[in-house]
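**Q** Here you go, query-v1.cif (mmCIF, C-alpha atoms and all ligand atoms):
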```
data_final
loop_
_atom_site.label_atom_id
_atom_site.label_comp_id
_atom_site.auth_asym_id
_atom_site.auth_seq_id
_atom_site.Cartn_x
_atom_site.Cartn_y
_atom_site.Cartn_z
CA MET N 1 -24.80 9.49 -16.56
CA ARG N 2 -24.52 10.85 -13.03
CA ARG N 3 -21.52 12.70 -11.60
CA VAL N 4 -20.35 12.44 -8.00
CA ALA N 5 -18.13 15.36 -6.97
CA ASP N 6 -15.65 15.30 -4.09
CA ALA N 7 -15.86 11.54 -3.60
CA ILE N 8 -13.27 10.04 -1.25
CA CYS N 9 -10.63 7.53 -2.26
CA ALA N 10 -9.99 5.24 0.71
CA PHE N 11 -7.31 3.11 -0.92
CA CYS N 12 -4.39 4.67 0.96
CA GLY N 13 -3.88 6.90 3.98
CA CYS N 14 -3.88 10.08 1.84
CA VAL N 15 -7.70 9.69 1.69
CA CYS N 16 -7.99 12.16 -1.19
CA ASP N 17 -11.39 13.87 -0.98
CA ASP N 18 -11.43 15.63 -4.36
CA ILE N 19 -12.23 12.69 -6.62
CA ASP N 20 -14.73 13.26 -9.42
CA LEU N 21 -16.67 10.16 -10.53
CA ALA N 22 -18.97 9.44 -13.46
CA VAL N 23 -21.58 6.74 -12.77
CA GLU N 24 -23.66 4.87 -15.33
CA ASP N 25 -26.00 1.91 -14.62
CA ASN N 26 -24.65 1.69 -11.06
CA HIS N 27 -21.08 1.35 -12.39
CA ILE N 28 -18.23 3.83 -12.04
CA VAL N 29 -17.18 4.54 -15.62
CA GLU N 30 -14.80 7.48 -15.13
CA VAL N 31 -12.49 8.62 -12.33
CA LYS N 32 -10.90 12.08 -12.33
CA ASN N 33 -8.18 13.48 -10.03
CA ALA N 34 -7.19 10.08 -8.55
CA CYS N 35 -3.73 8.53 -9.02
CA ALA N 36 -3.31 5.20 -10.83
CA LEU N 37 -3.81 3.26 -7.57
CA GLY N 38 -6.97 5.17 -6.72
CA LYS N 39 -8.38 4.76 -10.23
CA ALA N 40 -7.80 1.01 -10.08
CA TRP N 41 -9.49 0.88 -6.65
CA PHE N 42 -12.62 2.68 -7.88
CA LEU N 43 -12.84 0.73 -11.13
CA SER N 44 -12.12 -2.74 -9.71
CA HIS N 45 -15.24 -3.02 -7.54
CA HIS N 46 -18.04 -4.86 -9.30
CA ASP N 47 -20.90 -5.68 -7.01
CA GLY N 48 -23.34 -8.52 -7.24
CA ASN N 49 -21.57 -11.57 -8.65
CA ARG N 50 -20.62 -13.27 -5.36
CA PRO N 51 -22.88 -14.75 -2.66
CA ALA N 52 -23.45 -12.39 0.27
CA CYS N 53 -22.52 -15.18 2.66
CA THR N 54 -21.03 -18.67 2.54
CA ILE N 55 -20.58 -21.33 5.21
CA ARG N 56 -17.67 -23.65 4.36
CA GLY N 57 -17.84 -22.37 0.81
CA GLN N 58 -21.56 -23.06 0.33
CA PRO N 59 -23.83 -20.06 -0.33
CA THR N 60 -26.28 -19.32 2.46
CA SER N 61 -28.32 -16.44 3.83
CA VAL N 62 -26.71 -13.61 5.79
CA GLU N 63 -29.02 -14.53 8.68
CA GLU N 64 -27.70 -18.10 8.85
CA GLY N 65 -24.14 -16.86 8.50
CA ILE N 66 -24.57 -14.47 11.43
CA ASP N 67 -26.04 -17.24 13.55
CA ARG N 68 -23.14 -19.60 12.76
CA ALA N 69 -20.54 -16.85 13.30
CA ALA N 70 -22.03 -15.93 16.68
CA GLN N 71 -21.93 -19.61 17.72
CA ILE N 72 -18.25 -19.93 16.74
CA LEU N 73 -17.23 -16.78 18.60
CA THR N 74 -19.21 -17.46 21.78
CA ASP N 75 -18.01 -21.11 21.94
CA ALA N 76 -14.36 -20.02 21.69
CA ARG N 77 -12.11 -19.73 24.76
CA TYR N 78 -9.54 -17.37 23.16
CA PRO N 79 -11.10 -15.61 20.16
CA LEU N 80 -9.16 -13.10 18.09
CA VAL N 81 -10.61 -10.12 16.22
CA TYR N 82 -8.18 -8.86 13.55
CA GLY N 83 -7.89 -6.50 10.56
CA LEU N 84 -10.07 -3.37 10.56
CA SER N 85 -7.86 -1.06 8.50
CA ASP N 86 -10.06 -1.05 5.41
CA THR N 87 -13.45 -0.45 6.91
CA THR N 88 -15.34 2.42 8.48
CA CYS N 89 -14.93 3.72 12.04
CA GLU N 90 -18.55 2.76 12.70
CA ALA N 91 -17.76 -0.88 11.82
CA GLN N 92 -14.50 -0.76 13.80
CA ARG N 93 -16.44 0.38 16.84
CA ARG N 94 -18.77 -2.64 16.52
CA ALA N 95 -15.80 -4.99 16.15
CA VAL N 96 -14.25 -3.71 19.38
CA ALA N 97 -17.60 -4.18 21.12
CA ILE N 98 -17.74 -7.79 19.87
CA ALA N 99 -14.22 -8.46 21.18
CA ASP N 100 -15.33 -7.04 24.53
CA TRP N 101 -18.50 -9.16 24.74
CA ILE N 102 -16.65 -12.40 23.92
CA GLY N 103 -13.62 -11.58 26.10
CA GLY N 104 -11.27 -11.75 23.14
CA THR N 105 -8.23 -9.97 21.81
CA VAL N 106 -8.54 -7.23 19.20
CA ASP N 107 -5.64 -6.34 16.95
CA THR N 108 -5.32 -4.37 13.70
CA THR N 109 -2.92 -4.31 10.78
CA THR N 110 -1.11 -1.53 12.65
CA SER N 111 0.73 -4.31 14.50
CA VAL N 112 2.50 -5.26 11.25
CA CYS N 113 3.23 -1.71 10.02
CA HIS N 114 3.31 1.26 12.42
CA GLY N 115 2.80 -0.72 15.64
CA PRO N 116 6.24 0.41 16.87
CA SER N 117 5.14 4.02 16.30
CA GLY N 118 1.98 3.34 18.32
CA MET N 119 4.22 2.22 21.18
CA ALA N 120 6.51 5.23 20.75
CA PHE N 121 3.57 7.67 20.82
CA GLN N 122 2.66 6.26 24.22
CA SER N 123 6.14 6.90 25.60
CA VAL N 124 7.34 10.08 23.81
CA GLY N 125 4.20 11.74 22.39
CA GLU N 126 3.92 13.31 18.95
CA VAL N 127 4.49 16.91 17.85
CA THR N 128 1.97 16.95 15.08
CA ALA N 129 0.05 18.96 12.49
CA THR N 130 -2.57 18.30 9.85
CA LEU N 131 -1.60 17.78 6.23
CA GLY N 132 -3.40 21.05 5.52
CA GLU N 133 -1.10 22.92 7.90
CA ILE N 134 1.92 21.18 6.37
CA ARG N 135 0.76 22.07 2.84
CA HIS N 136 0.47 25.76 3.75
CA ARG N 137 3.54 26.13 5.94
CA ALA N 138 6.27 23.50 5.55
CA ASP N 139 9.42 24.72 3.81
CA LEU N 140 11.55 21.68 4.79
CA VAL N 141 10.03 18.25 4.14
CA ILE N 142 11.99 15.18 5.24
CA TYR N 143 10.94 11.62 4.39
CA TRP N 144 12.61 8.88 6.42
CA GLY N 145 12.31 5.22 5.40
CA GLY N 146 9.42 5.62 2.98
CA ASN N 147 8.72 5.88 -0.73
CA PRO N 148 5.52 7.92 -1.09
CA ALA N 149 6.10 8.53 -4.82
CA GLU N 150 5.08 4.90 -5.33
CA SER N 151 3.06 3.99 -2.23
CA HIS N 152 1.07 7.27 -1.86
CA PRO N 153 1.32 8.88 -5.30
CA ARG N 154 -0.54 12.11 -4.41
CA HIS N 155 1.33 12.80 -1.14
CA PHE N 156 3.83 15.05 -2.94
CA THR N 157 1.33 16.66 -5.29
CA ARG N 158 -1.57 17.25 -2.92
CA TYR N 159 0.02 17.85 0.48
CA THR N 160 3.76 18.34 0.73
CA LEU N 161 5.87 19.42 -2.25
CA MET N 162 3.97 20.72 -5.26
CA PRO N 163 0.94 22.71 -4.06
CA GLN N 164 1.12 26.43 -3.48
CA GLY N 165 0.60 27.24 0.19
CA LEU N 166 -0.23 30.37 2.12
CA PHE N 167 3.35 30.69 3.40
CA VAL N 168 5.02 28.80 0.54
CA PRO N 169 3.36 30.60 -2.41
CA ARG N 170 5.78 29.32 -5.07
CA GLY N 171 5.04 25.68 -4.27
CA ARG N 172 7.97 23.36 -5.02
CA LYS N 173 10.40 26.30 -5.37
CA ASP N 174 9.77 27.35 -1.77
CA ARG N 175 10.41 23.88 -0.32
CA THR N 176 13.43 21.71 0.25
CA CYS N 177 12.83 17.96 0.19
CA VAL N 178 15.21 15.51 1.87
CA VAL N 179 14.89 11.73 1.59
CA ILE N 180 16.75 9.45 4.01
CA ASP N 181 16.63 5.80 3.03
CA VAL N 182 18.75 2.73 2.41
CA ARG N 183 18.18 2.77 -1.36
CA LYS N 184 17.60 5.33 -4.09
CA THR N 185 13.84 5.07 -4.60
CA LYS N 186 11.63 7.04 -6.96
CA SER N 187 10.99 9.43 -4.05
CA ALA N 188 14.73 9.88 -3.51
CA LYS N 189 15.11 10.88 -7.16
CA ALA N 190 12.46 13.59 -6.68
CA ALA N 191 14.23 15.02 -3.60
CA ASP N 192 16.71 17.90 -3.40
CA ILE N 193 18.94 15.93 -1.05
CA PHE N 194 19.20 12.16 -0.69
CA LEU N 195 21.09 10.67 2.26
CA PRO N 196 21.72 6.93 1.70
CA ILE N 197 22.16 5.54 5.19
CA LYS N 198 23.41 2.07 6.04
CA PRO N 199 20.66 -0.56 6.44
CA ARG N 200 19.58 -1.10 10.07
CA LYS N 201 21.36 2.07 11.24
CA ASP N 202 18.37 4.42 11.53
CA PHE N 203 18.68 4.72 15.29
CA GLU N 204 22.35 5.70 15.08
CA ALA N 205 21.56 8.25 12.34
CA LEU N 206 18.73 9.79 14.38
CA TRP N 207 20.89 9.93 17.47
CA THR N 208 23.59 11.68 15.42
CA LEU N 209 21.07 14.38 14.50
CA ARG N 210 19.89 14.67 18.11
CA ALA N 211 23.50 15.14 19.24
CA LEU N 212 24.08 17.78 16.56
CA ALA N 213 20.89 19.59 17.58
CA LYS N 214 22.36 19.87 21.07
CA GLY N 215 25.69 21.15 19.68
CA LEU N 216 27.75 18.12 20.73
CA VAL N 217 31.10 17.49 19.04
CA LEU N 218 31.14 14.16 17.18
CA ASP N 219 33.90 12.03 15.72
CA ALA N 220 33.61 12.30 11.91
CA ALA N 221 35.10 8.89 11.14
CA GLY N 222 32.88 7.17 13.73
CA VAL N 223 29.69 8.83 12.43
CA GLU N 224 30.42 7.87 8.81
CA ALA N 225 31.35 4.30 9.78
CA GLU N 226 28.14 3.88 11.78
CA THR N 227 25.62 5.63 9.52
CA GLY N 228 27.18 5.42 6.06
CA VAL N 229 26.78 9.21 5.66
CA SER N 230 29.49 11.79 6.32
CA LEU N 231 29.35 14.01 9.40
CA ALA N 232 29.45 17.05 7.07
CA ALA N 233 26.21 15.88 5.39
CA TRP N 234 24.50 15.43 8.77
CA GLN N 235 25.75 18.87 9.90
CA ASP N 236 24.39 20.41 6.70
CA LEU N 237 21.00 18.76 7.30
CA MET N 238 20.90 19.93 10.92
CA ALA N 239 21.72 23.50 9.82
CA ARG N 240 18.81 23.35 7.34
CA MET N 241 16.51 21.96 10.03
CA LYS N 242 17.37 24.79 12.41
CA ARG N 243 16.96 27.38 9.64
CA ALA N 244 13.60 26.08 8.45
CA ARG N 245 10.52 28.13 9.29
CA PHE N 246 8.40 24.99 9.48
CA GLY N 247 9.91 21.51 9.18
CA VAL N 248 8.25 18.12 8.97
CA LEU N 249 9.57 14.59 9.39
CA PHE N 250 7.48 11.96 7.63
CA PHE N 251 8.43 8.37 8.43
CA GLY N 252 7.53 5.01 6.97
CA MET N 253 7.96 1.31 7.53
CA GLY N 254 11.59 1.52 6.47
CA LEU N 255 12.08 3.08 9.91
CA THR N 256 9.51 1.24 12.02
CA MET N 257 10.05 -2.31 10.78
CA THR N 258 13.84 -2.43 10.79
CA ARG N 259 16.27 -3.08 13.63
CA GLY N 260 15.31 -0.95 16.62
CA LYS N 261 11.62 -0.73 15.68
CA HIS N 262 9.86 1.32 18.40
CA LEU N 263 13.22 2.75 19.54
CA ASN N 264 13.67 4.15 16.02
CA SER N 265 10.22 5.74 16.16
CA GLU N 266 10.95 7.10 19.64
CA ALA N 267 14.23 8.62 18.41
CA LEU N 268 12.46 10.35 15.50
CA LEU N 269 9.64 11.66 17.69
CA ALA N 270 12.21 12.93 20.19
CA LEU N 271 14.18 14.63 17.39
CA ALA N 272 11.04 16.46 16.22
CA ARG N 273 10.43 17.53 19.81
CA ASP N 274 14.08 18.69 20.21
CA MET N 275 13.84 20.82 17.07
CA ASN N 276 11.10 22.94 18.62
CA ASP N 277 13.83 24.62 20.71
CA PHE N 278 14.86 26.26 17.42
CA THR N 279 11.85 26.42 15.10
CA ARG N 280 8.46 24.82 14.45
CA PHE N 281 8.94 21.12 13.63
CA VAL N 282 6.38 18.31 13.41
CA CYS N 283 6.40 14.61 12.55
CA LYS N 284 3.88 12.22 10.97
CA PRO N 285 3.86 8.52 10.16
CA VAL N 286 2.89 7.85 6.54
CA ARG N 287 0.06 5.35 6.90
CA GLY N 288 -0.79 2.73 4.31
CA HIS N 289 -4.36 1.45 4.48
CA GLY N 290 -7.29 3.80 3.88
CA ASN N 291 -8.59 3.77 7.45
CA VAL N 292 -5.77 2.30 9.51
CA THR N 293 -5.59 5.66 11.30
CA GLY N 294 -9.29 5.30 12.11
CA ALA N 295 -8.59 1.85 13.56
CA ASP N 296 -5.92 3.35 15.85
CA ASN N 297 -8.31 6.10 16.92
CA VAL N 298 -11.30 3.83 17.54
CA LEU N 299 -9.26 1.30 19.53
CA SER N 300 -7.62 4.10 21.50
CA TRP N 301 -10.87 5.82 22.45
CA ARG N 302 -12.58 2.48 23.24
CA THR N 303 -9.74 0.76 25.13
CA GLY N 304 -6.97 3.30 25.74
CA TYR N 305 -4.56 1.47 23.38
CA PRO N 306 -4.12 1.59 19.60
CA PHE N 307 -3.70 -2.14 18.74
CA GLY N 308 -2.97 -5.53 20.34
CA VAL N 309 -5.53 -5.25 23.15
CA ASN N 310 -6.70 -8.19 25.26
CA LEU N 311 -10.13 -7.93 26.88
CA SER N 312 -10.42 -11.40 28.44
CA ARG N 313 -10.27 -10.11 32.03
CA GLY N 314 -13.02 -7.56 31.47
CA TYR N 315 -10.57 -4.67 31.21
CA PRO N 316 -8.07 -3.80 28.47
CA ARG N 317 -4.48 -4.99 28.54
CA PHE N 318 -1.90 -3.85 25.96
CA ASN N 319 1.15 -5.92 25.24
CA PRO N 320 2.58 -6.05 21.71
CA GLY N 321 4.17 -9.45 21.12
CA GLU N 322 1.70 -11.11 23.47
CA TYR N 323 -1.62 -9.72 22.16
CA THR N 324 -0.70 -9.15 18.52
CA ALA N 325 -2.33 -11.37 15.91
CA THR N 326 0.74 -12.94 14.28
CA ASP N 327 2.13 -13.88 17.69
CA ILE N 328 -1.16 -15.28 19.02
CA LEU N 329 -1.60 -17.40 15.89
CA SER N 330 2.04 -18.50 15.65
CA ARG N 331 1.87 -19.73 19.26
CA ARG N 332 -1.37 -21.58 18.36
CA GLU N 333 -3.31 -19.82 21.15
CA ALA N 334 -6.45 -18.54 19.39
CA ASP N 335 -9.24 -21.09 18.90
CA ALA N 336 -11.47 -18.88 16.70
CA ALA N 337 -11.12 -15.60 14.83
CA LEU N 338 -13.06 -12.78 13.21
CA VAL N 339 -11.07 -11.22 10.36
CA ILE N 340 -12.37 -7.94 8.94
CA SER N 341 -10.99 -6.55 5.67
CA ALA N 342 -7.55 -8.10 5.98
CA ASP N 343 -5.82 -11.01 4.31
CA PRO N 344 -3.64 -12.77 6.90
CA MET N 345 -3.72 -15.97 4.82
CA ALA N 346 -1.73 -14.11 2.17
CA ASN N 347 0.70 -12.12 4.28
CA PHE N 348 1.22 -13.66 7.73
CA CYS N 349 4.15 -15.98 8.48
CA GLN N 350 3.66 -19.67 7.79
CA PRO N 351 3.07 -20.85 11.40
CA ALA N 352 0.38 -18.17 11.83
CA ARG N 353 -1.27 -19.09 8.54
CA GLU N 354 -1.22 -22.79 9.37
CA HIS N 355 -2.88 -22.22 12.72
CA LEU N 356 -5.50 -19.86 11.29
CA ALA N 357 -6.38 -22.52 8.71
CA SER N 358 -6.85 -25.07 11.50
CA ILE N 359 -9.41 -23.04 13.54
CA PRO N 360 -12.91 -21.88 12.62
CA TYR N 361 -12.85 -18.24 11.58
CA ILE N 362 -15.22 -15.67 10.12
CA ALA N 363 -14.09 -13.29 7.37
CA LEU N 364 -15.57 -10.09 5.91
CA ASP N 365 -14.06 -8.70 2.72
CA PRO N 366 -15.43 -7.22 -0.50
CA GLN N 367 -12.50 -8.86 -2.34
CA ASP N 368 -12.15 -12.60 -3.02
CA THR N 369 -9.01 -13.19 -0.93
CA ALA N 370 -7.15 -16.28 0.29
CA THR N 371 -8.54 -15.55 3.78
CA MET N 372 -12.11 -15.39 2.45
CA ARG N 373 -11.74 -18.67 0.55
CA GLN N 374 -10.73 -20.67 3.67
CA ALA N 375 -13.15 -19.05 6.15
CA ALA N 376 -15.74 -21.12 8.01
CA VAL N 377 -18.16 -18.23 7.47
CA ALA N 378 -17.44 -15.60 4.80
CA PHE N 379 -19.44 -12.41 4.27
CA THR N 380 -19.16 -10.21 1.19
CA PRO N 381 -19.86 -6.66 2.42
CA ALA N 382 -20.50 -3.55 0.36
CA PRO N 383 -17.09 -1.92 -0.28
CA TYR N 384 -16.60 1.08 1.96
CA GLY N 385 -16.31 4.42 0.22
CA ILE N 386 -17.74 3.01 -3.00
CA SER N 387 -21.12 1.69 -1.86
CA ALA N 388 -21.04 1.86 1.94
CA PRO N 389 -21.09 5.13 3.89
CA GLY N 390 -19.26 5.94 7.12
CA THR N 391 -16.27 7.80 8.51
CA VAL N 392 -12.57 7.36 7.79
CA TYR N 393 -9.52 9.08 9.27
CA ARG N 394 -6.83 10.49 7.02
CA MET N 395 -3.25 9.71 8.06
CA ASP N 396 -3.12 13.04 9.94
CA ASP N 397 -6.08 12.02 12.19
CA VAL N 398 -8.59 14.20 10.34
CA PRO N 399 -11.97 12.37 10.08
CA LEU N 400 -13.78 12.55 6.74
CA PRO N 401 -17.28 11.34 5.78
CA LEU N 402 -17.37 8.94 2.82
CA ARG N 403 -19.52 9.75 -0.23
CA PRO N 404 -20.44 6.37 -1.73
CA ALA N 405 -21.35 6.56 -5.41
CA LEU N 406 -23.06 3.21 -5.92
CA GLN N 407 -25.91 1.14 -4.51
CA SER N 408 -24.91 -2.33 -3.32
CA PRO N 409 -26.90 -5.56 -2.98
CA TYR N 410 -24.69 -6.41 0.02
CA PRO N 411 -24.97 -5.18 3.61
CA SER N 412 -22.11 -3.02 4.87
CA ASP N 413 -19.47 -4.20 7.38
CA PHE N 414 -21.25 -2.02 9.91
CA GLU N 415 -24.60 -3.74 9.32
CA ILE N 416 -23.10 -7.25 9.47
CA LEU N 417 -21.09 -6.54 12.62
CA SER N 418 -24.06 -4.80 14.29
CA ARG N 419 -26.25 -7.85 13.69
CA LEU N 420 -23.45 -10.15 14.81
CA GLU N 421 -23.00 -8.18 18.02
CA ASP N 422 -26.76 -8.32 18.71
CA ARG N 423 -26.78 -12.13 18.16
CA ILE N 424 -23.74 -12.60 20.40
CA ARG N 425 -25.45 -10.64 23.16
CA GLN N 426 -28.43 -13.00 22.91
CA LEU N 427 -26.14 -16.05 23.24
CA ILE N 428 -23.90 -15.01 26.13
S1 LIG N 501 -2.99 8.97 -3.25
FE1 LIG N 501 -4.07 7.32 -2.19
S2 LIG N 501 -6.04 8.20 -1.55
FE2 LIG N 501 -5.16 9.58 -3.11
S3 LIG N 501 -6.06 8.89 -5.05
FE3 LIG N 501 -4.08 7.80 -4.81
S4 LIG N 501 -4.61 5.85 -3.80
FE4 LIG N 501 -6.36 7.24 -3.55
#
```
What is this file in structure tokens?

**A**
Amino acid sequence: MRRVADAICAFCGCVCDDIDLAVEDNHIVEVKNACALGKAWFLSHHDGNRPACTIRGQPTSVEEGIDRAAQILTDARYPLVYGLSDTTCEAQRRAVAIADWIGGTVDTTTSVCHGPSGMAFQSVGEVTATLGEIRHRADLVIYWGGNPAESHPRHFTRYTLMPQGLFVPRGRKDRTCVVIDVRKTKSAKAADIFLPIKPRKDFEALWTLRALAKGLVLDAAGVEAETGVSLAAWQDLMARMKRARFGVLFFGMGLTMTRGKHLNSEALLALARDMNDFTRFVCKPVRGHGNVTGADNVLSWRTGYPFGVNLSRGYPRFNPGEYTATDILSRREADAALVISADPMANFCQPAREHLASIPYIALDPQDTATMRQAAVAFTPAPYGISAPGTVYRMDDVPLPLRPALQSPYPSDFEILSRLEDRIRQLI
């Protein structure tokens, strides 16, 4: 038996880098320190029992698959490259290069989760900090529209509430946790204060706090009617925010994907900025997929924009709604696609799924998904983090090198996309 210390779990955006693995006969047999989701992720990968490549469901060589994929993408007039949140930054970089060579559109799963925040960052900016800084300093932790206790089980225990920090030495006792949400989730039950706001009223609630930060006088009945929470409760929260030595606002899809979308994110970012007139206050989106933050970073440094980028004119254009994958597919515009580590056939709307099924597309995924089963060309890559190396970004934009524990008979996403890019360059 071999032990791998400090392995990285890339299942969710927490990207825990303290996982201890036991490996026997090229299988992970024991996982220590991970949560239940992370354990399942490490133990569910079994390499070697699927073909490395299929064309229309028939097993073939990777070489033939790359040749066919390059033909499909170079023949297309409006190709789409989509996914990218569960692969390495090195592979993401190759995917953006492919989109550039074929004059396509590149979009990531950010467009269906924190896309509105990506837009808000461009207009308001982000007062930010690493999770390490938050762990050591934050004495007021606010979660807005998210349920990390279930979606990111170690967020509380590793970064925000439980650990002892340099300036919060008593751990949980030195911190106040506030959850603002439309329902009493498991996270809300773990909080000191829960504010149940009315559904679809996040913007009004955030604007109430912004007004209170500026000392404006508000009508109590109006505030409660709009937000579902009494003015006294908002005043109490604002007093705590001003008193805090270091406050943090974490926000999830309950904020970004409800009425108001990017305006909600903008309001929250602006509130965090406002609070710095009184104390140190930061904000952070809680990101889902293991390397969705890497996808945002790679697209931003390669094109200037974090998702939904069209490259057909030889320069990048950013327009969510026009260049985002669900919209392109629902309008039946794309005539070919390259889908990397995403499952749009399982989670896109019906018109988008129907159109994707009607065009030739290439898929890469270590898992046997609905998208893989209907692909014209399907590649099974080595799972990143488990048997493929590379770089991932934690949700706080800190890059971490993966420490794969296993050998894989499959090439990595990076290797497949590198060879695909080379073949495309020969054809164009
Ligand atoms: S919290 Fe996320 S990254 Fe950490 S062990 Fe659990 S699933 Fe993995």

**Q** Enumerate as a PyMOL selection string the residues within 6 Å of ligand LIG 501 (chain N), counting only C-alpha atoms and all ligand atoms.

**A** chain N and resi 9-12+14-16+34-35+37-38+152-154

**Q** Go ahead and dump the residues you just picked, C-alpha atoms, as a PDB file, in the frame of the given file.

**A**
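The result, written out as again-v9.pdb:
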```pdb
ATOM      1  CA  CYS N   9     -10.630   7.530  -2.260  1.00  0.00           C
ATOM      2  CA  ALA N  10      -9.990   5.240   0.710  1.00  0.00           C
ATOM      3  CA  PHE N  11      -7.310   3.110  -0.920  1.00  0.00           C
ATOM      4  CA  CYS N  12      -4.390   4.670   0.960  1.00  0.00           C
ATOM      5  CA  CYS N  14      -3.880  10.080   1.840  1.00  0.00           C
ATOM      6  CA  VAL N  15      -7.700   9.690   1.690  1.00  0.00           C
ATOM      7  CA  CYS N  16      -7.990  12.160  -1.190  1.00  0.00           C
ATOM      8  CA  ALA N  34      -7.190  10.080  -8.550  1.00  0.00           C
ATOM      9  CA  CYS N  35      -3.730   8.530  -9.020  1.00  0.00           C
ATOM     10  CA  LEU N  37      -3.810   3.260  -7.570  1.00  0.00           C
ATOM     11  CA  GLY N  38      -6.970   5.170  -6.720  1.00  0.00           C
ATOM     12  CA  HIS N 152       1.070   7.270  -1.860  1.00  0.00           C
ATOM     13  CA  PRO N 153       1.320   8.880  -5.300  1.00  0.00           C
ATOM     14  CA  ARG N 154      -0.540  12.110  -4.410  1.00  0.00           C
TER      15      ARG N 154
END
```

**Q** For Val106 in chain N, please output as a PyMOL selection string all residues within 8 Å (counting only C-alpha atoms; exclusion window: fewer than 4 positions along the same chain).

**A** chain N and resi 80-82+96+99+307-311+323

**Q** Given only C-alpha atoms as the basis, pick out the residue of N:Glu24, N:Asp277, N:Asp107, N:Asp202 nearest to Leu338 in chain N.

**A** N:Asp107

**Q** Identify which of the residues N:Ala336, N:Ala149, N:Ala129, N:Leu417 lies closest to Thr74 in chain N, counting all atoms listed in the file when measuring atom-to-atom distances.

**A**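 The closest residue to Thr74 in chain N is N:Ala336.
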
**Q** Go through range 9-86 of chain N and flag each residue having an atom no more than 8 Å from range 394-409 of chain N; for those, report the closest pair of atoms plus their distance in Å to one decimal, using all atoms listed in the file, ordered by chain and rising number, as a Markdown table.

**A**
```
| residue | atom | partner | partner_atom | distance |
| --- | --- | --- | --- | --- |
| N:Gly13 | CA | N:Met395 | CA | 5.0 |
| N:Cys14 | CA | N:Arg394 | CA | 6.0 |
| N:Val15 | CA | N:Arg394 | CA | 5.5 |
| N:Leu21 | CA | N:Ala405 | CA | 7.8 |
| N:Val23 | CA | N:Ala405 | CA | 7.4 |
| N:Asn26 | CA | N:Leu406 | CA | 5.6 |
| N:His27 | CA | N:Leu406 | CA | 7.0 |
| N:Ile28 | CA | N:Ala405 | CA | 7.8 |
| N:Asp47 | CA | N:Ser408 | CA | 6.4 |
| N:Gly48 | CA | N:Pro409 | CA | 6.3 |
```

**Q** Write a file of the selected residues as a PDB file, in the frame of the given file, keeping C-alpha atoms.

**A**
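Saved result, part36.pdb, follows:
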```pdb
ATOM      1  CA  GLY N  13      -3.880   6.900   3.980  1.00  0.00           C
ATOM      2  CA  CYS N  14      -3.880  10.080   1.840  1.00  0.00           C
ATOM      3  CA  VAL N  15      -7.700   9.690   1.690  1.00  0.00           C
ATOM      4  CA  LEU N  21     -16.670  10.160 -10.530  1.00  0.00           C
ATOM      5  CA  VAL N  23     -21.580   6.740 -12.770  1.00  0.00           C
ATOM      6  CA  ASN N  26     -24.650   1.690 -11.060  1.00  0.00           C
ATOM      7  CA  HIS N  27     -21.080   1.350 -12.390  1.00  0.00           C
ATOM      8  CA  ILE N  28     -18.230   3.830 -12.040  1.00  0.00           C
ATOM      9  CA  ASP N  47     -20.900  -5.680  -7.010  1.00  0.00           C
ATOM     10  CA  GLY N  48     -23.340  -8.520  -7.240  1.00  0.00           C
TER      11      GLY N  48
END
```

**Q** Determine the nearest neighbour of Ala213 in chain N from the options N:Asp413, N:Asp20, N:Glu226, N:Asp236, counting only C-alpha atoms.

**A**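 Looking only at the distances to Ala213 in chain N, the closest residue turns out to be N:Asp236.
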
**Q** Please list as a PDB file with C-alpha atoms, in the coordinates of the input every residue within 8 Å of Asp181 in chain N, counting all atoms listed in the file and excluding residues in the same chain fewer than 2 positions away.

**A**
```pdb
ATOM      1  CA  TRP N 144      12.610   8.880   6.420  1.00  0.00           C
ATOM      2  CA  GLY N 145      12.310   5.220   5.400  1.00  0.00           C
ATOM      3  CA  GLY N 146       9.420   5.620   2.980  1.00  0.00           C
ATOM      4  CA  VAL N 179      14.890  11.730   1.590  1.00  0.00           C
ATOM      5  CA  ARG N 183      18.180   2.770  -1.360  1.00  0.00           C
ATOM      6  CA  LYS N 184      17.600   5.330  -4.090  1.00  0.00           C
ATOM      7  CA  ALA N 188      14.730   9.880  -3.510  1.00  0.00           C
ATOM      8  CA  PHE N 194      19.200  12.160  -0.690  1.00  0.00           C
ATOM      9  CA  LEU N 195      21.090  10.670   2.260  1.00  0.00           C
ATOM     10  CA  PRO N 196      21.720   6.930   1.700  1.00  0.00           C
ATOM     11  CA  ILE N 197      22.160   5.540   5.190  1.00  0.00           C
ATOM     12  CA  GLY N 254      11.590   1.520   6.470  1.00  0.00           C
TER      13      GLY N 254
END
```

**Q** Using all atoms listed in the file, find the one residue out of N:Ile328, N:Leu255, N:Cys177, N:Ala378 that sits nearest to Ile340 in chain N.

**A**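 The answer is N:Ala378, which sits nearest to Ile340 in chain N.
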
**Q** Could you tell me how far CA of Ala95 in chain N lies from CA of Pro79 in chain N, in Å and to one decimal?

**A**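 So the answer is 12.3 Å.
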
**Q** For the point (13.8, 23.1, 1.6) in the file's frame, write as a PyMOL selection string all residues with an atom no more than 8 Å away, counting all atoms listed in the file.

**A** chain N and resi 139-141+174-178+192+240+244

**Q** Would you pick out the contacts of Ser111 in chain N at 9 Å or less, using all atoms listed in the file, so that residues sharing its chain but fewer than 4 positions from it are not included, and give the list as number ranges by chain?

**A** N: 107, 115-116, 118, 307-308, 320, 324-326

**Q** Tyr361 in chain N: which residues within 10 Å, counting all atoms listed in the file, same-chain residues fewer than 4 positions away excluded, as a PyMOL selection string?

**A** chain N and resi 69+72-73+79-81+335-339+356-357+371-372+374-378
